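Enquirer: Take a look at coords-v5.tsv, TSV, C-alpha atoms and all ligand atoms:
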```tsv
chain	number	residue	atom	x	y	z
A	1	MET	CA	-5.66	17.80	-17.71
A	2	ALA	CA	-8.25	15.68	-19.48
A	3	CYS	CA	-9.10	12.25	-18.12
A	4	SER	CA	-8.98	9.44	-20.64
A	5	MET	CA	-10.69	6.56	-18.86
A	6	SER	CA	-14.06	6.63	-17.24
A	7	ASP	CA	-15.29	3.05	-17.41
A	8	LEU	CA	-14.84	2.31	-13.71
A	9	LEU	CA	-17.80	2.54	-11.41
A	10	LEU	CA	-16.71	3.60	-7.95
A	11	THR	CA	-17.81	0.97	-5.45
A	12	PRO	CA	-15.96	0.38	-2.13
A	13	GLU	CA	-14.39	-2.72	-3.70
A	14	VAL	CA	-13.16	-0.73	-6.69
A	15	ALA	CA	-11.80	1.94	-4.35
A	16	TRP	CA	-9.90	-0.73	-2.43
A	17	ALA	CA	-8.52	-2.27	-5.63
A	18	LEU	CA	-7.31	1.12	-6.87
A	19	ALA	CA	-5.80	2.04	-3.51
A	20	THR	CA	-3.78	-1.18	-3.55
A	21	GLY	CA	-2.30	-0.58	-7.01
A	22	GLY	CA	-5.09	-2.04	-9.15
A	23	PRO	CA	-7.34	-2.48	-11.03
A	24	TRP	CA	-6.59	-6.19	-10.63
A	25	PRO	CA	-7.37	-9.07	-13.01
A	26	ASP	CA	-10.89	-10.41	-12.52
A	27	PRO	CA	-11.00	-14.22	-12.11
A	28	GLU	CA	-14.41	-14.24	-13.80
A	29	ASN	CA	-12.82	-13.09	-17.07
A	30	LEU	CA	-9.93	-15.55	-17.00
A	31	GLN	CA	-9.28	-19.22	-17.66
A	32	GLY	CA	-6.84	-21.83	-16.38
A	33	ASP	CA	-3.84	-20.84	-14.29
A	34	ALA	CA	-4.48	-17.09	-14.72
A	35	ARG	CA	-7.92	-17.48	-13.19
A	36	PHE	CA	-6.56	-19.09	-10.03
A	37	MET	CA	-3.69	-16.61	-9.81
A	38	ALA	CA	-6.25	-13.79	-9.96
A	39	MET	CA	-7.95	-15.48	-6.99
A	40	ALA	CA	-4.60	-15.63	-5.15
A	41	LEU	CA	-4.17	-11.91	-5.82
A	42	ARG	CA	-7.63	-11.31	-4.44
A	43	GLU	CA	-6.55	-13.15	-1.28
A	44	GLY	CA	-3.40	-11.02	-1.15
A	45	LEU	CA	-5.50	-7.84	-1.19
A	46	LYS	CA	-6.76	-8.78	2.27
A	47	GLY	CA	-3.25	-8.37	3.68
A	48	VAL	CA	-2.49	-4.88	2.37
A	49	GLY	CA	-1.93	-2.43	5.21
A	50	LEU	CA	-1.43	-5.33	7.65
A	51	ALA	CA	1.55	-7.46	6.62
A	52	SER	CA	4.44	-4.96	6.43
A	53	PRO	CA	7.37	-5.20	6.51
A	54	ASN	CA	6.46	-8.55	4.92
A	55	PRO	CA	4.63	-8.89	1.58
A	56	PRO	CA	0.88	-9.69	1.74
A	57	VAL	CA	1.26	-12.94	-0.20
A	58	GLY	CA	-1.96	-14.60	-1.31
A	59	CYS	CA	-2.30	-18.32	-2.05
A	60	VAL	CA	-5.01	-20.68	-3.28
A	61	LEU	CA	-4.83	-24.47	-3.45
A	62	VAL	CA	-6.63	-26.11	-6.34
A	63	LYS	CA	-7.48	-29.77	-6.85
A	64	ALA	CA	-9.38	-31.12	-9.85
A	65	GLY	CA	-10.29	-27.57	-10.86
A	66	ARG	CA	-11.75	-26.73	-7.46
A	67	VAL	CA	-10.36	-24.36	-4.80
A	68	ILE	CA	-9.76	-26.44	-1.64
A	69	GLY	CA	-8.02	-23.79	0.44
A	70	SER	CA	-6.97	-20.15	0.42
A	71	GLY	CA	-4.89	-17.92	2.62
A	72	VAL	CA	-3.03	-14.64	3.00
A	73	HIS	CA	-0.22	-13.29	5.14
A	74	THR	CA	-1.53	-10.55	7.40
A	75	ARG	CA	1.05	-10.00	10.12
A	76	ALA	CA	4.83	-10.28	10.45
A	77	GLY	CA	5.51	-13.32	12.62
A	78	ASP	CA	2.25	-15.02	11.66
A	79	PRO	CA	2.15	-17.85	9.09
A	80	HIS	CA	2.63	-16.94	5.43
A	81	GLY	CA	-0.11	-17.21	2.80
A	82	GLU	CA	0.90	-20.73	1.75
A	83	ILE	CA	0.64	-22.05	5.32
A	84	MET	CA	-2.68	-20.27	5.82
A	85	ALA	CA	-4.01	-21.91	2.64
A	86	LEU	CA	-2.83	-25.37	3.79
A	87	ARG	CA	-4.50	-24.79	7.17
A	88	ASP	CA	-7.67	-23.64	5.42
A	89	ALA	CA	-7.71	-26.84	3.35
A	90	GLU	CA	-7.30	-28.89	6.52
A	91	ALA	CA	-10.11	-26.98	8.21
A	92	ARG	CA	-12.35	-27.73	5.24
A	93	GLY	CA	-11.49	-31.44	5.48
A	94	GLU	CA	-9.58	-31.36	2.19
A	95	ASP	CA	-6.32	-33.16	1.43
A	96	PRO	CA	-3.76	-30.91	-0.32
A	97	LYS	CA	-1.82	-33.97	-1.59
A	98	GLY	CA	-1.58	-33.73	-5.36
A	99	SER	CA	-3.00	-30.21	-5.49
A	100	ASP	CA	-1.71	-27.13	-7.35
A	101	ALA	CA	-0.64	-24.13	-5.26
A	102	PHE	CA	-1.05	-20.67	-6.79
A	103	VAL	CA	1.11	-18.11	-4.98
A	104	THR	CA	1.46	-14.42	-5.84
A	105	LEU	CA	5.14	-14.42	-4.78
A	106	GLU	CA	7.84	-17.10	-4.82
A	107	PRO	CA	7.56	-19.25	-1.65
A	108	CYS	CA	10.23	-18.54	0.95
A	109	CYS	CA	12.99	-21.05	1.60
A	110	HIS	CA	14.60	-19.55	4.70
A	111	HIS	CA	13.88	-19.89	8.38
A	112	GLY	CA	12.60	-16.54	9.55
A	113	ARG	CA	10.12	-16.17	12.37
A	114	THR	CA	8.20	-18.97	10.64
A	115	GLY	CA	9.45	-22.12	8.89
A	116	PRO	CA	10.06	-22.06	5.13
A	117	CYS	CA	6.94	-22.35	2.99
A	118	THR	CA	8.78	-24.53	0.47
A	119	LEU	CA	9.11	-27.21	3.16
A	120	ALA	CA	5.43	-26.96	4.10
A	121	LEU	CA	4.37	-27.33	0.45
A	122	ILE	CA	6.69	-30.33	-0.03
A	123	GLN	CA	5.47	-32.03	3.15
A	124	ALA	CA	1.84	-31.45	2.18
A	125	GLY	CA	2.46	-33.31	-1.10
A	126	VAL	CA	1.58	-30.39	-3.38
A	127	ALA	CA	2.18	-31.53	-6.97
A	128	ARG	CA	2.61	-28.20	-8.74
A	129	VAL	CA	3.43	-24.66	-7.64
A	130	VAL	CA	2.44	-21.71	-9.84
A	131	VAL	CA	4.25	-18.51	-8.88
A	132	GLY	CA	3.33	-14.97	-9.93
A	133	VAL	CA	6.69	-13.32	-9.47
A	134	ARG	CA	10.12	-14.20	-8.12
A	135	ASP	CA	11.04	-12.84	-4.67
A	136	PRO	CA	14.00	-10.44	-5.03
A	137	ASN	CA	14.83	-10.88	-1.35
A	138	PRO	CA	18.49	-12.08	-1.51
A	139	ARG	CA	17.57	-14.87	0.91
A	140	VAL	CA	15.07	-16.25	-1.66
A	141	ASP	CA	15.66	-14.96	-5.23
A	142	GLY	CA	14.95	-18.17	-7.11
A	143	GLY	CA	16.06	-20.40	-4.23
A	144	GLY	CA	12.48	-21.29	-3.35
A	145	LEU	CA	11.77	-22.38	-6.92
A	146	ALA	CA	14.98	-24.43	-7.08
A	147	ILE	CA	14.16	-26.30	-3.86
A	148	LEU	CA	10.66	-27.16	-5.12
A	149	ARG	CA	12.00	-28.37	-8.48
A	150	ALA	CA	14.64	-30.47	-6.75
A	151	GLN	CA	11.82	-32.28	-4.96
A	152	GLY	CA	10.17	-33.16	-8.26
A	153	ILE	CA	7.44	-30.53	-7.92
A	154	ALA	CA	6.38	-28.89	-11.16
A	155	VAL	CA	7.01	-25.15	-10.99
A	156	GLU	CA	5.57	-22.42	-13.22
A	157	GLU	CA	6.79	-18.84	-12.95
A	158	GLY	CA	5.29	-15.61	-14.24
A	159	THR	CA	1.55	-16.34	-14.30
A	160	LEU	CA	-0.06	-12.87	-14.15
A	161	GLY	CA	3.55	-11.84	-13.53
A	162	GLU	CA	3.04	-8.16	-14.33
A	163	ALA	CA	0.08	-7.83	-11.95
A	164	CYS	CA	1.86	-9.78	-9.19
A	165	ALA	CA	4.98	-7.62	-9.58
A	166	ARG	CA	2.82	-4.49	-9.38
A	167	PHE	CA	1.03	-5.86	-6.34
A	168	HIS	CA	4.29	-6.63	-4.52
A	169	ALA	CA	6.13	-3.49	-5.72
A	170	PRO	CA	6.01	-1.89	-2.24
A	171	PHE	CA	7.75	-4.93	-0.73
A	172	PHE	CA	10.27	-5.05	-3.57
A	173	LYS	CA	11.15	-1.40	-2.95
A	174	LEU	CA	11.56	-1.98	0.78
A	175	ILE	CA	13.85	-4.99	0.12
A	176	ARG	CA	15.95	-3.16	-2.47
A	177	THR	CA	16.23	0.29	-0.87
A	178	GLY	CA	15.16	0.05	2.77
A	179	LEU	CA	12.56	2.73	2.03
A	180	PRO	CA	8.79	2.34	2.31
A	181	TRP	CA	6.51	2.79	-0.70
A	182	VAL	CA	5.28	6.39	-0.95
A	183	THR	CA	1.87	7.31	-2.33
A	184	LEU	CA	1.12	10.97	-2.82
A	185	LYS	CA	-2.50	12.09	-2.80
A	186	LEU	CA	-3.59	15.61	-3.70
A	187	ALA	CA	-6.93	17.22	-4.53
A	188	LEU	CA	-6.39	20.05	-6.98
A	189	GLY	CA	-8.61	22.62	-8.63
A	190	SER	CA	-8.72	23.11	-12.41
A	191	ASP	CA	-6.17	25.89	-11.88
A	192	GLY	CA	-3.74	23.36	-10.41
A	193	SER	CA	-4.02	24.85	-6.96
A	194	LEU	CA	-4.84	23.33	-3.61
A	195	GLY	CA	-6.91	26.35	-2.67
A	196	PRO	CA	-6.35	29.79	-1.18
A	197	ILE	CA	-3.48	30.04	1.25
A	198	GLY	CA	-4.64	29.65	4.81
A	199	ARG	CA	-8.16	28.60	3.89
A	200	SER	CA	-9.74	25.17	3.76
A	201	THR	CA	-11.28	23.99	0.47
A	202	GLN	CA	-13.12	20.88	-0.58
A	203	VAL	CA	-12.79	19.96	-4.25
A	204	THR	CA	-13.53	16.25	-3.98
A	205	PRO	CA	-17.20	15.18	-4.05
A	206	PRO	CA	-18.32	13.04	-1.08
A	207	ASP	CA	-18.75	9.83	-3.09
A	208	VAL	CA	-15.18	10.08	-4.33
A	209	GLN	CA	-13.98	10.61	-0.77
A	210	GLN	CA	-14.01	6.87	-0.21
A	211	LEU	CA	-11.03	6.60	-2.54
A	212	ALA	CA	-9.19	8.87	-0.14
A	213	HIS	CA	-10.26	6.65	2.76
A	214	ALA	CA	-9.18	3.53	0.86
A	215	LEU	CA	-5.75	5.07	0.34
A	216	ARG	CA	-5.42	5.59	4.09
A	217	ARG	CA	-6.47	2.01	4.74
A	218	ALA	CA	-3.88	0.69	2.25
A	219	SER	CA	-1.11	2.68	3.96
A	220	GLU	CA	0.47	2.11	7.34
A	221	ALA	CA	1.37	5.73	7.90
A	222	ILE	CA	0.10	9.12	6.82
A	223	VAL	CA	2.34	12.17	6.55
A	224	VAL	CA	1.26	15.80	6.33
A	225	GLY	CA	2.92	19.17	6.67
A	226	ARG	CA	2.26	21.70	9.41
A	227	HIS	CA	0.11	23.99	7.23
A	228	THR	CA	-2.37	21.21	6.51
A	229	ILE	CA	-2.94	20.87	10.25
A	230	ALA	CA	-3.03	24.63	10.79
A	231	VAL	CA	-5.63	25.18	8.04
A	232	ASP	CA	-7.89	22.12	8.22
A	233	ASP	CA	-7.26	20.86	11.78
A	234	PRO	CA	-7.81	17.22	10.68
A	235	GLN	CA	-7.48	14.17	12.92
A	236	LEU	CA	-5.80	12.22	10.09
A	237	THR	CA	-7.49	9.07	11.30
A	238	ASP	CA	-8.40	6.03	9.23
A	239	ARG	CA	-12.13	5.58	9.70
A	240	TRP	CA	-13.17	3.71	6.56
A	241	GLN	CA	-16.02	1.24	7.07
A	242	ALA	CA	-15.48	-1.17	4.20
A	243	PRO	CA	-14.40	-3.54	2.75
A	244	ALA	CA	-10.85	-4.04	4.09
A	245	THR	CA	-9.75	-5.16	7.55
A	246	PRO	CA	-8.79	-2.23	9.82
A	247	HIS	CA	-5.12	-1.63	10.63
A	248	ARG	CA	-3.51	-2.89	13.77
A	249	SER	CA	-1.42	0.26	13.64
A	250	PHE	CA	-1.72	3.41	11.56
A	251	ALA	CA	0.97	6.00	12.24
A	252	ARG	CA	-0.09	9.64	11.93
A	253	VAL	CA	2.91	11.83	11.23
A	254	VAL	CA	2.98	15.63	11.24
A	255	LEU	CA	6.01	17.57	10.02
A	256	ASP	CA	6.24	20.39	12.54
A	257	GLU	CA	9.98	20.94	12.55
A	258	ASP	CA	9.99	23.86	14.98
A	259	GLY	CA	7.05	22.71	17.08
A	260	LEU	CA	4.83	25.64	16.07
A	261	LEU	CA	1.49	23.81	16.16
A	262	PRO	CA	-0.60	24.33	19.28
A	263	ALA	CA	-1.19	21.54	21.79
A	264	SER	CA	-4.92	21.99	21.06
A	265	ALA	CA	-4.70	20.66	17.47
A	266	ARG	CA	-7.10	17.73	17.01
A	267	VAL	CA	-4.40	15.55	15.48
A	268	TRP	CA	-2.66	15.22	18.84
A	269	VAL	CA	-5.72	13.67	20.49
A	270	PRO	CA	-4.85	10.00	21.17
A	271	VAL	CA	-6.67	7.43	19.01
A	272	ALA	CA	-6.39	3.70	19.79
A	273	GLY	CA	-4.18	1.91	17.26
A	274	GLN	CA	-3.33	5.16	15.47
A	275	PRO	CA	-0.25	6.60	17.21
A	276	VAL	CA	0.70	10.18	16.37
A	277	PHE	CA	4.26	11.34	15.68
A	278	ARG	CA	5.72	14.83	15.34
A	279	ALA	CA	8.72	15.16	13.03
A	280	VAL	CA	11.02	17.82	14.52
A	281	THR	CA	14.48	19.15	13.75
A	282	GLY	CA	15.02	21.22	16.85
A	283	ASP	CA	14.09	20.57	20.44
A	284	PRO	CA	10.56	21.96	20.82
A	285	VAL	CA	8.47	21.64	23.96
A	286	PRO	CA	7.20	18.04	24.18
A	287	LEU	CA	3.50	17.35	23.68
A	288	ARG	CA	1.62	14.90	25.86
A	289	GLY	CA	1.04	11.57	24.12
A	290	VAL	CA	2.99	12.60	21.04
A	291	GLU	CA	6.27	10.94	20.14
A	292	ASP	CA	8.86	13.17	18.50
A	293	LEU	CA	10.88	11.86	15.55
A	294	HIS	CA	14.15	13.81	15.59
A	295	LEU	CA	15.34	14.36	12.04
A	296	PRO	CA	18.28	16.17	10.47
A	297	PRO	CA	17.30	19.54	8.95
A	298	GLU	CA	17.33	19.91	5.18
A	299	GLY	CA	16.49	23.09	3.30
A	300	ARG	CA	13.69	24.83	5.18
A	301	GLY	CA	12.38	21.59	6.65
A	302	CYS	CA	13.66	18.16	7.60
A	303	SER	CA	15.25	15.37	5.60
A	304	LEU	CA	12.32	13.54	4.01
A	305	ARG	CA	14.50	10.56	3.13
A	306	HIS	CA	15.49	10.29	6.78
A	307	LEU	CA	11.84	10.43	7.77
A	308	LEU	CA	11.11	7.49	5.47
A	309	TYR	CA	13.93	5.46	7.01
A	310	GLU	CA	12.52	6.23	10.46
A	311	LEU	CA	9.11	5.00	9.35
A	312	ALA	CA	10.61	1.83	7.85
A	313	ALA	CA	12.26	1.22	11.23
A	314	LEU	CA	8.78	1.39	12.76
A	315	GLY	CA	7.70	-1.43	10.43
A	316	VAL	CA	5.90	0.83	7.97
A	317	GLY	CA	5.99	-0.46	4.39
A	318	ARG	CA	3.52	1.96	2.81
A	319	VAL	CA	3.30	5.69	3.41
A	320	LEU	CA	0.59	8.08	2.27
A	321	VAL	CA	1.56	11.74	1.82
A	322	GLU	CA	-1.51	13.98	1.86
A	323	GLY	CA	0.10	17.37	1.46
A	324	GLY	CA	0.24	20.23	1.54
A	325	GLY	CA	1.77	21.58	-1.61
A	326	THR	CA	5.26	22.30	-0.32
A	327	LEU	CA	5.61	18.84	1.16
A	328	ALA	CA	4.24	17.20	-2.01
A	329	ALA	CA	6.65	19.18	-4.18
A	330	GLY	CA	9.52	18.24	-1.84
A	331	PHE	CA	8.79	14.52	-2.01
A	332	LEU	CA	8.42	14.70	-5.82
A	333	ALA	CA	11.53	16.80	-6.38
A	334	GLN	CA	13.63	14.32	-4.41
A	335	GLY	CA	12.27	11.35	-6.37
A	336	LEU	CA	10.73	9.86	-3.23
A	337	VAL	CA	7.22	9.32	-4.62
A	338	ASP	CA	6.26	5.97	-6.15
A	339	GLU	CA	2.62	6.60	-6.93
A	340	PHE	CA	0.53	9.76	-7.32
A	341	HIS	CA	-3.23	9.86	-6.89
A	342	ARG	CA	-4.50	13.14	-8.27
A	343	PHE	CA	-8.05	14.34	-7.72
A	344	GLN	CA	-8.65	17.11	-10.24
A	345	SER	CA	-11.75	19.28	-10.10
A	346	ASP	CA	-13.23	21.02	-13.14
A	347	LEU	CA	-13.62	24.09	-10.94
A	348	PRO	CA	-10.80	26.41	-9.89
A	349	ALA	CA	-9.70	26.19	-6.26
A	350	ALA	CA	-8.65	29.87	-6.44
A	351	GLY	CA	-5.18	29.59	-5.00
A	352	PRO	CA	-1.61	29.69	-6.25
A	353	ALA	CA	-0.85	26.95	-8.79
A	354	LEU	CA	1.48	24.21	-7.62
A	355	THR	CA	4.49	23.36	-9.71
A	356	LEU	CA	4.61	19.62	-9.51
A	357	SER	CA	7.16	17.74	-11.56
A	358	ILE	CA	5.66	14.33	-12.28
A	359	PRO	CA	8.43	12.03	-13.57
A	360	THR	CA	8.22	11.81	-17.36
A	361	ASN	CA	8.53	8.01	-17.39
A	362	TRP	CA	5.38	7.54	-15.30
A	363	ARG	CA	2.13	6.42	-16.84
A	364	MET	CA	-1.50	6.71	-15.86
A	365	GLU	CA	-2.61	3.41	-14.32
A	366	ALA	CA	-6.28	4.20	-13.84
A	367	ALA	CA	-8.77	7.04	-13.96
A	368	ILE	CA	-12.31	7.79	-12.94
A	369	ARG	CA	-14.36	10.69	-14.23
A	370	TRP	CA	-17.28	12.18	-12.31
A	371	SER	CA	-19.60	15.10	-13.05
A	372	THR	CA	-17.25	17.82	-11.79
A	373	GLY	CA	-13.80	16.34	-12.03
A	374	CYS	CA	-11.64	13.27	-12.27
A	375	TRP	CA	-9.25	11.09	-10.36
A	376	GLU	CA	-6.07	9.62	-11.81
A	377	ALA	CA	-3.45	7.20	-10.51
A	378	TRP	CA	0.09	7.59	-11.87
A	379	ARG	CA	3.18	5.57	-11.20
B	1	ZN	ZN	6.85	-18.17	3.33
```
Once you've parsed the file, please lay out its structure as C-alpha cells.

Expert:
Amino acid sequence: MACSMSDLLLTPEVAWALATGGPWPDPENLQGDARFMAMALREGLKGVGLASPNPPVGCVLVKAGRVIGSGVHTRAGDPHGEIMALRDAEARGEDPKGSDAFVTLEPCCHHGRTGPCTLALIQAGVARVVVGVRDPNPRVDGGGLAILRAQGIAVEEGTLGEACARFHAPFFKLIRTGLPWVTLKLALGSDGSLGPIGRSTQVTPPDVQQLAHALRRASEAIVVGRHTIAVDDPQLTDRWQAPATPHRSFARVVLDEDGLLPASARVWVPVAGQPVFRAVTGDPVPLRGVEDLHLPPEGRGCSLRHLLYELAALGVGRVLVEGGGTLAAGFLAQGLVDEFHRFQSDLPAAGPALTLSIPTNWRMEAAIRWSTGCWEAWR
C-alpha cells in the first residue's frame, strides 16, 4: 500500500507523540485558549504508560497570559493533574487566585483515593476552567462542570476537544467496556508477509526502530504469541532511552497455552519492573519466576478477550500486541484492536501473506515514509 504522508521527521519526540495517539497540536502554532490546552496536552503526554487505570490528565494554570503552574497525573493514588499544577504554582511562589485552569479532561468531583479536583480548584480561587473533553466516568460525566459553574467559576468545554478525546480514548474505553486499549504493531514486507515461517526477519530500518520502542513505552503490557518467542527469542523488554519516563511496571505476556516453550527462552529471565506472564489454558509445568494466567480455551488458543480482562485487573490500561500473524489476525477478527501501527517495507519478506481485516471505518492517522518503506498508524 502506498503511503500518503511523509512530512514528519522522525525524532524521539515525534516517535513519542505518535506512540501516544498523536501527532498532537503544537502550542507554537496556536493562539488563545487552544495554545494553553495544547500545553496541557503536552503535560498529559508525560503520564502515558504511568497513570493507568487512571487517565494521564494534564493541566496548566495561566494568569495574565503567563503559565504559572503545570502538572500531570502519573500514578493511581497520587494527586491528579490539577492538584499537581496548583502545587507547582505554589512551589514557584505564584498565587493561583484569579487564574485560568486548562485541563485535558473534566475535573473529577468524587472522593476517590484523592479529594475531588473541583474542590481544590474552587478553594484555590481559580476564576475560569477550560476543559478539553467531558469525563464519561458515570461518577463525573458533567458533574464536575456543574459544580464549578455553581460556584460562579466560568467553564469552557471542548477546547481542542477532538485531540483531548483522542488522547483520553484509552481511558474512555476502559471506563465504558472494562477492557484496556489495544495497539497492534506489525512489520510487514511488500508481499504482506511477516517473513518465512520459522525464520527471523528484520524489515524495519534501525532509525525507525525507535517508533517500536516508543510504542512499548506508551503501553503497560506487551503480548506476543509462542511462535514469536520460538523464532526470535526476544526479551520483550522496554529499553527506550528517551524522552519519556520509564514505566514502574511493564507486563510481558507470552501466549503459550500448552506450555511448549523451553525454560531457557530469554523472555523468562527476570527483569526488574518488567514482570513476565505466561498465558496458559491447560496445566503445564510451572516455570520459575513466571506467573501463569489461566485462561479459558477458545479455538486453537485461549480467549483473547479474557486475557484483556485479566490485564485490566492487573491495572493495565494500554496493551501492545506485537504478533505474530496468527495472534494479530485473532485480535483483529474479534474486533479487539483499537489502533494498528503498520511498518511496511518496499522489499518482500518472502513468507506467506497475512490476511488481515482492517475495519473499514478506520482511517490513517499518521504516516512516515523512509527510503525503503513506510509506517502508518490506523484507528
Ligand atoms: Zn481529579

Enquirer: Can you build me a table of chain A residues sitting at most 10 Å from ligand ZN 1 (chain B), with the closest atom pair per residue and its distance in Å to one decimal, using only C-alpha atoms and all ligand atoms, sorted by chain and residue number, as a Markdown table?

Expert:
```
| residue | atom | partner | partner_atom | distance |
| --- | --- | --- | --- | --- |
| A:Asn54 | CA | B:ZN1 | ZN | 9.8 |
| A:Pro55 | CA | B:ZN1 | ZN | 9.7 |
| A:Val57 | CA | B:ZN1 | ZN | 8.4 |
| A:His73 | CA | B:ZN1 | ZN | 8.8 |
| A:Pro79 | CA | B:ZN1 | ZN | 7.4 |
| A:His80 | CA | B:ZN1 | ZN | 4.9 |
| A:Gly81 | CA | B:ZN1 | ZN | 7.0 |
| A:Glu82 | CA | B:ZN1 | ZN | 6.7 |
| A:Ile83 | CA | B:ZN1 | ZN | 7.6 |
| A:Leu105 | CA | B:ZN1 | ZN | 9.1 |
| A:Glu106 | CA | B:ZN1 | ZN | 8.3 |
| A:Pro107 | CA | B:ZN1 | ZN | 5.1 |
| A:Cys108 | CA | B:ZN1 | ZN | 4.2 |
| A:Cys109 | CA | B:ZN1 | ZN | 7.0 |
| A:His110 | CA | B:ZN1 | ZN | 8.0 |
| A:His111 | CA | B:ZN1 | ZN | 8.8 |
| A:Gly112 | CA | B:ZN1 | ZN | 8.6 |
| A:Arg113 | CA | B:ZN1 | ZN | 9.8 |
| A:Thr114 | CA | B:ZN1 | ZN | 7.5 |
| A:Gly115 | CA | B:ZN1 | ZN | 7.3 |
| A:Pro116 | CA | B:ZN1 | ZN | 5.4 |
| A:Cys117 | CA | B:ZN1 | ZN | 4.2 |
| A:Thr118 | CA | B:ZN1 | ZN | 7.2 |
| A:Leu119 | CA | B:ZN1 | ZN | 9.3 |
| A:Ala120 | CA | B:ZN1 | ZN | 8.9 |
| A:Leu121 | CA | B:ZN1 | ZN | 9.9 |
| A:Val140 | CA | B:ZN1 | ZN | 9.8 |
| A:Gly144 | CA | B:ZN1 | ZN | 9.3 |
```

Enquirer: Could you give me, as CSV, a per-residue list for segment 12-80 of chain A showing, wherever an atom lies at most 12 Å from an atom of segment 313-334 of chain A, the closest pair of atoms and their distance in Å to one decimal, using all atoms listed in the file and sorting by chain then residue number from low to high?

Expert:
```
residue,atom,partner,partner_atom,distance
A:Ala19,CA,A:Leu320,CA,10.5
A:Thr20,CA,A:Arg318,CA,10.2
A:Gly21,CA,A:Arg318,CA,11.7
A:Val48,CA,A:Arg318,CA,9.1
A:Gly49,CA,A:Arg318,CA,7.4
A:Leu50,CA,A:Gly317,CA,9.5
A:Ala51,CA,A:Gly317,CA,8.6
A:Ser52,CA,A:Gly317,CA,5.2
A:Pro53,CA,A:Gly317,CA,5.4
A:Asn54,CA,A:Gly317,CA,8.1
A:Pro55,CA,A:Gly317,CA,9.0
A:Pro56,CA,A:Gly317,CA,10.9
A:Arg75,CA,A:Gly315,CA,10.9
A:Ala76,CA,A:Gly315,CA,9.3
```

Enquirer: Report the distance between atom CA of Leu145 of chain A and atom CA of Arg92 of chain A in Å, rounded to one decimal place.

Expert: 27.5 Å

Enquirer: Which is closest to Glu157 of chain A among A:Val224, A:Leu184, A:Leu336, A:Ala101, if we use only C-alpha atoms?

Expert: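 Selected residue with least distance to Glu157 of chain A: A:Ala101.
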
Enquirer: Could you jot down the atom CA of Ala214 of chain A to atom CA of Ala350 of chain A separation for me, Å, one decimal place?

Expert: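 Atom-to-atom, atom CA of Ala214 of chain A to atom CA of Ala350 of chain A, that is 27.3 Å.
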
Enquirer: Please compute the atom CA of Ala187 of chain A-atom CA of Val269 of chain A distance, one decimal, in Å.

Expert: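 The value is 25.3 Å.
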
Enquirer: Which of these, A:Pro12, A:Gly98, A:Gly143, A:Gly335, has the shortest distance to Val129 of chain A once you count only C-alpha atoms?

Expert: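 Under the stated criterion, the closest residue is A:Gly98.
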
Enquirer: A:Pro246, A:Arg166, A:Arg66, A:Gly77: which is nearest Pro96 of chain A, counting all atoms listed in the file?

Expert: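 Answer, going by the shortest atom-to-atom distance: A:Arg66.
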
Enquirer: Tell me, as a PyMOL selection string, which residues lie within 10 Å of Asp100 of chain A, counting only C-alpha atoms; anything in the same chain fewer than 3 positions away does not count.

Expert: chain A and resi 33+36+60-65+67-68+96-97+103+121+125-130+153-155

Enquirer: Using all atoms listed in the file, which of the listed residues (A:Arg379, A:Arg35, A:Ala353, A:Leu86) sits closest to Gly195 of chain A?

Expert: A:Ala353

Enquirer: So, with only C-alpha atoms as the atoms that count, which of A:Ile175, A:Ala366, A:Ala230, A:Leu215 lies closest to Pro138 of chain A?

Expert: A:Ile175

Enquirer: In terms of the shortest atom-to-atom distance over all atoms listed in the file, which of A:Leu18, A:Pro23, A:Pro284, A:Asn361 is closest to His213 of chain A?

Expert: A:Leu18

Enquirer: Anything within 10 Å of (-6.2, -1.6, -14.0): list those residues as a PyMOL selection string, counting only C-alpha atoms and sticking to the file's coordinates.

Expert: chain A and resi 8+17-18+21-25+163+364-367+377

Enquirer: So which residues fall inside 8 Å of (-8.0, -18.1, 4.9) if we count all atoms listed in the file? Mind giving them as a PyMOL selection string?

Expert: chain A and resi 69-72+84-85+87-88
